[in-house]
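Raw model.cif, mmCIF, C-alpha atoms:
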data_query
#
loop_
_atom_site.group_PDB
_atom_site.id
_atom_site.type_symbol
_atom_site.label_atom_id
_atom_site.label_comp_id
_atom_site.auth_asym_id
_atom_site.auth_seq_id
_atom_site.Cartn_x
_atom_site.Cartn_y
_atom_site.Cartn_z
ATOM 1 C CA MET A 23 -17.147 -29.631 -16.714
ATOM 2 C CA TYR A 24 -18.097 -26.596 -18.726
ATOM 3 C CA CYS A 25 -20.996 -24.204 -18.309
ATOM 4 C CA PHE A 26 -21.792 -21.658 -21.030
ATOM 5 C CA ASP A 27 -23.923 -18.534 -20.651
ATOM 6 C CA GLN A 28 -23.803 -16.140 -23.619
ATOM 7 C CA ALA A 29 -20.231 -14.739 -23.589
ATOM 8 C CA LYS A 30 -19.229 -16.362 -20.276
ATOM 9 C CA THR A 31 -17.655 -19.782 -19.804
ATOM 10 C CA LEU A 32 -17.365 -21.465 -16.420
ATOM 11 C CA LEU A 33 -14.915 -24.345 -16.042
ATOM 12 C CA SER A 34 -14.727 -26.789 -13.159
ATOM 13 C CA TYR A 35 -11.425 -28.674 -13.297
ATOM 14 C CA LYS A 36 -10.304 -31.352 -10.845
ATOM 15 C CA THR A 37 -6.520 -31.125 -10.490
ATOM 16 C CA LYS A 38 -6.196 -33.668 -7.658
ATOM 17 C CA PRO A 39 -8.682 -36.065 -6.054
ATOM 18 C CA ASN A 40 -9.594 -33.562 -3.304
ATOM 19 C CA LYS A 41 -8.955 -30.303 -5.153
ATOM 20 C CA CYS A 42 -11.278 -28.574 -7.595
ATOM 21 C CA VAL A 43 -10.418 -25.401 -9.541
ATOM 22 C CA ILE A 44 -13.211 -23.182 -10.863
ATOM 23 C CA LEU A 45 -12.422 -20.601 -13.549
ATOM 24 C CA LEU A 46 -14.668 -18.031 -15.208
ATOM 25 C CA SER A 47 -13.706 -16.698 -18.623
ATOM 26 C CA THR A 48 -15.222 -14.197 -21.019
ATOM 27 C CA PHE A 49 -12.347 -14.741 -23.459
ATOM 28 C CA HIS A 50 -12.909 -18.410 -24.321
ATOM 29 C CA GLU A 51 -16.103 -19.616 -25.976
ATOM 30 C CA LYS A 52 -15.470 -23.282 -26.869
ATOM 31 C CA PRO A 53 -14.461 -26.269 -24.726
ATOM 32 C CA TYR A 54 -11.097 -26.887 -26.408
ATOM 33 C CA VAL A 55 -8.810 -29.422 -24.631
ATOM 34 C CA ASN A 56 -5.125 -29.764 -25.525
ATOM 35 C CA LYS A 57 -4.448 -33.402 -26.473
ATOM 36 C CA GLU A 58 -0.823 -33.385 -25.284
ATOM 37 C CA SER A 59 -1.294 -31.929 -21.816
ATOM 38 C CA LYS A 60 -4.963 -32.940 -21.500
ATOM 39 C CA LYS A 61 -5.754 -29.531 -20.052
ATOM 40 C CA SER A 62 -8.399 -27.076 -21.111
ATOM 41 C CA GLU A 63 -7.442 -24.015 -23.141
ATOM 42 C CA ILE A 64 -8.719 -21.833 -20.276
ATOM 43 C CA ILE A 65 -6.324 -23.536 -17.804
ATOM 44 C CA GLU A 66 -3.360 -23.225 -20.180
ATOM 45 C CA PHE A 67 -4.107 -19.564 -20.872
ATOM 46 C CA TYR A 68 -4.349 -18.861 -17.137
ATOM 47 C CA ASN A 69 -1.056 -20.669 -16.436
ATOM 48 C CA SER A 70 0.725 -18.785 -19.227
ATOM 49 C CA THR A 71 -0.435 -15.352 -17.995
ATOM 50 C CA LYS A 72 -0.193 -15.723 -14.207
ATOM 51 C CA GLY A 73 3.503 -14.804 -14.063
ATOM 52 C CA ALA A 74 2.751 -11.159 -13.310
ATOM 53 C CA VAL A 75 0.692 -12.143 -10.263
ATOM 54 C CA ASP A 76 3.574 -14.247 -8.940
ATOM 55 C CA THR A 77 5.979 -11.365 -9.539
ATOM 56 C CA LEU A 78 3.685 -8.948 -7.706
ATOM 57 C CA ASP A 79 3.360 -11.337 -4.757
ATOM 58 C CA GLN A 80 7.139 -11.703 -4.641
ATOM 59 C CA MET A 81 7.688 -7.928 -4.740
ATOM 60 C CA CYS A 82 5.117 -7.411 -1.977
ATOM 61 C CA SER A 83 6.756 -10.054 0.215
ATOM 62 C CA ASN A 84 10.261 -8.601 -0.314
ATOM 63 C CA MET A 85 9.243 -5.184 1.021
ATOM 64 C CA SER A 86 5.985 -5.064 2.914
ATOM 65 C CA CYS A 87 4.279 -2.557 5.200
ATOM 66 C CA SER A 88 2.054 -5.212 6.779
ATOM 67 C CA ARG A 89 2.165 -6.071 10.464
ATOM 68 C CA LYS A 90 0.990 -9.071 12.421
ATOM 69 C CA THR A 91 -2.697 -8.708 13.183
ATOM 70 C CA ARG A 92 -5.767 -10.817 13.873
ATOM 71 C CA ARG A 93 -8.123 -8.419 12.147
ATOM 72 C CA TRP A 94 -8.760 -9.392 8.538
ATOM 73 C CA PRO A 95 -9.820 -5.889 7.362
ATOM 74 C CA LEU A 96 -6.420 -4.623 8.470
ATOM 75 C CA CYS A 97 -4.732 -7.410 6.464
ATOM 76 C CA VAL A 98 -6.723 -6.357 3.400
ATOM 77 C CA PHE A 99 -5.712 -2.718 3.982
ATOM 78 C CA TYR A 100 -2.018 -3.667 4.287
ATOM 79 C CA ASN A 101 -2.278 -5.660 1.067
ATOM 80 C CA ILE A 102 -3.879 -2.687 -0.727
ATOM 81 C CA ILE A 103 -1.028 -0.447 0.482
ATOM 82 C CA ASN A 104 1.610 -2.978 -0.663
ATOM 83 C CA ILE A 105 0.070 -3.394 -4.120
ATOM 84 C CA SER A 106 -0.421 0.374 -4.490
ATOM 85 C CA LEU A 107 3.227 0.962 -3.612
ATOM 86 C CA VAL A 108 4.437 -1.561 -6.206
ATOM 87 C CA ASN A 109 2.100 -0.129 -8.859
ATOM 88 C CA SER A 110 3.128 3.461 -8.161
ATOM 89 C CA HIS A 111 6.823 2.513 -8.312
ATOM 90 C CA VAL A 112 6.270 0.774 -11.668
ATOM 91 C CA LEU A 113 4.564 3.911 -13.039
ATOM 92 C CA TYR A 114 7.297 6.135 -11.586
ATOM 93 C CA GLY A 115 10.011 3.916 -13.126
ATOM 94 C CA HIS A 116 8.278 3.962 -16.505
ATOM 95 C CA ASN A 117 8.005 7.769 -16.478
ATOM 96 C CA MET A 118 11.623 8.219 -15.393
ATOM 97 C CA THR A 119 12.972 5.889 -18.081
ATOM 98 C CA ARG A 120 10.960 7.774 -20.718
ATOM 99 C CA LYS A 121 12.672 10.971 -19.513
ATOM 100 C CA SER A 122 16.055 9.152 -19.467
ATOM 101 C CA GLU A 123 16.496 9.911 -15.771
ATOM 102 C CA LYS A 124 17.758 7.699 -12.963
ATOM 103 C CA VAL A 125 15.115 5.631 -11.154
ATOM 104 C CA MET A 126 15.077 5.583 -7.340
ATOM 105 C CA SER A 127 15.199 2.238 -5.581
ATOM 106 C CA ARG A 128 11.854 0.986 -4.330
ATOM 107 C CA LYS A 129 12.859 1.515 -0.694
ATOM 108 C CA LYS A 130 13.898 5.144 -1.268
ATOM 109 C CA PHE A 131 10.757 5.664 -3.334
ATOM 110 C CA ALA A 132 8.565 4.306 -0.507
ATOM 111 C CA VAL A 133 10.232 6.562 2.069
ATOM 112 C CA LYS A 134 9.934 9.623 -0.183
ATOM 113 C CA LEU A 135 6.304 8.836 -0.992
ATOM 114 C CA SER A 136 5.406 8.433 2.688
ATOM 115 C CA GLU A 137 7.142 11.709 3.554
ATOM 116 C CA ASP A 138 5.328 13.537 0.757
ATOM 117 C CA LEU A 139 1.967 12.094 1.802
ATOM 118 C CA LEU A 140 2.494 12.887 5.503
ATOM 119 C CA ALA A 141 3.855 16.435 5.104
ATOM 120 C CA PRO A 142 0.477 18.247 4.868
ATOM 121 C CA TRP A 143 -0.842 16.324 7.867
ATOM 122 C CA MET A 144 2.238 17.150 9.949
ATOM 123 C CA LYS A 145 2.043 20.879 9.101
ATOM 124 C CA LYS A 146 -1.490 21.253 10.494
ATOM 125 C CA PRO A 147 -0.674 20.791 14.213
ATOM 126 C CA LEU A 148 2.206 23.288 14.008
ATOM 127 C CA ASP A 149 -0.387 26.099 14.158
ATOM 128 C CA ALA A 150 -1.782 24.848 17.467
ATOM 129 C CA PRO A 151 -0.402 26.892 20.375
ATOM 130 C CA THR A 152 -0.764 23.996 22.822
ATOM 131 C CA LEU A 153 1.515 21.641 20.876
ATOM 132 C CA PRO A 154 4.382 20.510 23.134
ATOM 133 C CA CYS A 155 7.773 21.969 22.274
ATOM 134 C CA SER A 156 9.352 18.516 21.829
ATOM 135 C CA THR A 157 6.679 17.485 19.299
ATOM 136 C CA ARG A 158 7.011 20.801 17.469
ATOM 137 C CA THR A 159 10.791 20.275 17.248
ATOM 138 C CA ILE A 160 10.432 16.717 15.894
ATOM 139 C CA ILE A 161 7.911 17.799 13.245
ATOM 140 C CA SER A 162 10.053 20.746 12.176
ATOM 141 C CA GLU A 163 13.101 18.462 11.860
ATOM 142 C CA LEU A 164 11.170 15.942 9.768
ATOM 143 C CA LEU A 165 9.785 18.662 7.509
ATOM 144 C CA LYS A 166 13.174 20.437 7.435
ATOM 145 C CA ILE A 167 11.612 23.699 8.592
ATOM 146 C CA ASP A 168 13.486 26.156 10.807
ATOM 147 C CA MET A 169 11.227 26.798 13.777
ATOM 148 C CA VAL A 170 12.159 28.257 17.099
ATOM 149 C CA CYS A 171 10.182 26.829 19.963
ATOM 150 C CA GLU A 172 9.037 29.700 22.129
ATOM 151 C CA THR A 173 9.182 29.083 25.832
ATOM 152 C CA PRO A 174 6.607 30.842 27.948
ATOM 153 C CA LYS A 175 7.766 33.816 29.998
ATOM 154 C CA THR A 176 8.463 32.900 33.585
ATOM 155 C CA ASN A 177 7.099 34.950 36.399
ATOM 156 C CA GLU A 178 9.020 35.205 39.629
ATOM 157 C CA SER A 179 5.910 34.257 41.515
ATOM 158 C CA ASN A 180 5.915 30.785 43.080
ATOM 159 C CA LYS A 181 2.328 30.132 42.091
ATOM 160 C CA ARG A 182 1.789 27.027 39.955
ATOM 161 C CA LYS A 183 0.385 27.391 36.489
ATOM 162 C CA ILE A 184 -2.117 25.095 34.811
ATOM 163 C CA CYS A 185 -0.008 24.981 31.668
ATOM 164 C CA ALA A 186 2.532 27.086 29.787
ATOM 165 C CA PHE A 187 -0.118 29.164 28.030
ATOM 166 C CA CYS A 188 -2.840 29.495 30.693
ATOM 167 C CA PRO A 189 -2.883 32.391 33.198
ATOM 168 C CA TYR A 190 -2.019 31.892 36.850
ATOM 169 C CA LYS A 191 -4.657 30.693 39.259
ATOM 170 C CA LEU A 192 -5.961 33.338 41.641
#
Target encoding structure tokens, full file:
Amino acid sequence: MYCFDQAKTLLSYKTKPNKCVILLSTFHEKPYVNKESKKSEIIEFYNSTKGAVDTLDQMCSNMSCSRKTRRWPLCVFYNIINISLVNSHVLYGHNMTRKSEKVMSRKKFAVKLSEDLLAPWMKKPLDAPTLPCSTRTIISELLKIDMVCETPKTNESNKRKICAFCPYKL
């Protein structure tokens, strides 16, 4: 069944007895049906151009950041991250081949991208004086920054301190 509204064409196509496919097209204007395959031009055009979607789905399933979750918004977010990573790697690969330079593998690209995106957020807590020494050391190792963790001066008094930076209790 076809439905026409100005430049839009809606097609309802029954592929199997219990399955109905609905397609909306602004590209096709007439209800042309191929006599050999007995399929609409809209269906044939869709089938001929859907290869990129299958390739994207395959690339996302090969290397995915998604985790098992019951929350559908989180699934949508993981899918956005996966698609963004594939798209950014395609753009990166295109730019590198134009410059005649070697293209990083997608895994190395993903690791490098995540490190570059996280670096500014990891530098912020380094200014906090209450950051634990172990955390400061881990961040400085990840960022490849030489930082010496200062230990607080010890007093020979046996009084307990609240923390390394707070004064003694009276």
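This file, queried with the PyMOL selection byres ((chain A and resi 104) around 8), gives the residues A:Cys82, A:Ser86, A:Cys87, A:Ser88, A:Tyr100, A:Asn101, A:Ile102, A:Ile103, A:Ile105, A:Ser106, A:Leu107, A:Val108.
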Item to check | Interatomic distance (Å, one decimal) between atom CA of Leu45 of chain A and atom CA of Thr31 of chain A | outcome: 8.2 Å
The PyMOL selection byres ((chain A and resi 131-147) around 9) - which residues does that actually catch in the file I just gave you? List them as an mmCIF file with C-alpha atoms, keeping the file's coordinate frame.
data_model
loop_
_atom_site.group_PDB
_atom_site.id
_atom_site.type_symbol
_atom_site.label_atom_id
_atom_site.label_comp_id
_atom_site.auth_asym_id
_atom_site.auth_seq_id
_atom_site.Cartn_x
_atom_site.Cartn_y
_atom_site.Cartn_z
ATOM 1 C CA LEU A 107 3.227 0.962 -3.612
ATOM 2 C CA HIS A 111 6.823 2.513 -8.312
ATOM 3 C CA TYR A 114 7.297 6.135 -11.586
ATOM 4 C CA VAL A 125 15.115 5.631 -11.154
ATOM 5 C CA MET A 126 15.077 5.583 -7.340
ATOM 6 C CA SER A 127 15.199 2.238 -5.581
ATOM 7 C CA ARG A 128 11.854 0.986 -4.330
ATOM 8 C CA LYS A 129 12.859 1.515 -0.694
ATOM 9 C CA LYS A 130 13.898 5.144 -1.268
ATOM 10 C CA LEU A 148 2.206 23.288 14.008
ATOM 11 C CA ASP A 149 -0.387 26.099 14.158
ATOM 12 C CA ALA A 150 -1.782 24.848 17.467
ATOM 13 C CA PRO A 151 -0.402 26.892 20.375
ATOM 14 C CA LEU A 153 1.515 21.641 20.876
ATOM 15 C CA ARG A 158 7.011 20.801 17.469
ATOM 16 C CA ILE A 161 7.911 17.799 13.245
ATOM 17 C CA SER A 162 10.053 20.746 12.176
ATOM 18 C CA LEU A 164 11.170 15.942 9.768
ATOM 19 C CA LEU A 165 9.785 18.662 7.509
#
Item to check | Residue nearest Ser34 of chain A among A:Leu46, A:Met169, A:Met81, A:Cys155 (counting all atoms listed in the file) | outcome: A:Leu46
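Here the PyMOL selection byres ((chain A and resi 39-43) around 12) matches the residues Met23, Leu32, Leu33, Ser34, Tyr35, Lys36, Thr37, Lys38, Ile44, Leu45, Leu46, Ser62, Ile64, Ile65 and Tyr68 of chain A.
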Grab all the atoms of segment 42-55 of chain A that the file lists, wrap them in a box along x, y and z, add 8 Å per side, and give me centre plus edge lengths in Å (one decimal) as JSON.
{"center_x": -12.5, "center_y": -21.8, "center_z": -17.2, "size_x": 23.3, "size_y": 31.2, "size_z": 35.3}
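Counting from atom CA of Phe67 of chain A, the distance to atom CA of His50 of chain A is 9.5 Å.
The two atoms in question, atom CA of Gly73 of chain A and atom CA of Val112 of chain A, are spaced 16.0 Å apart.
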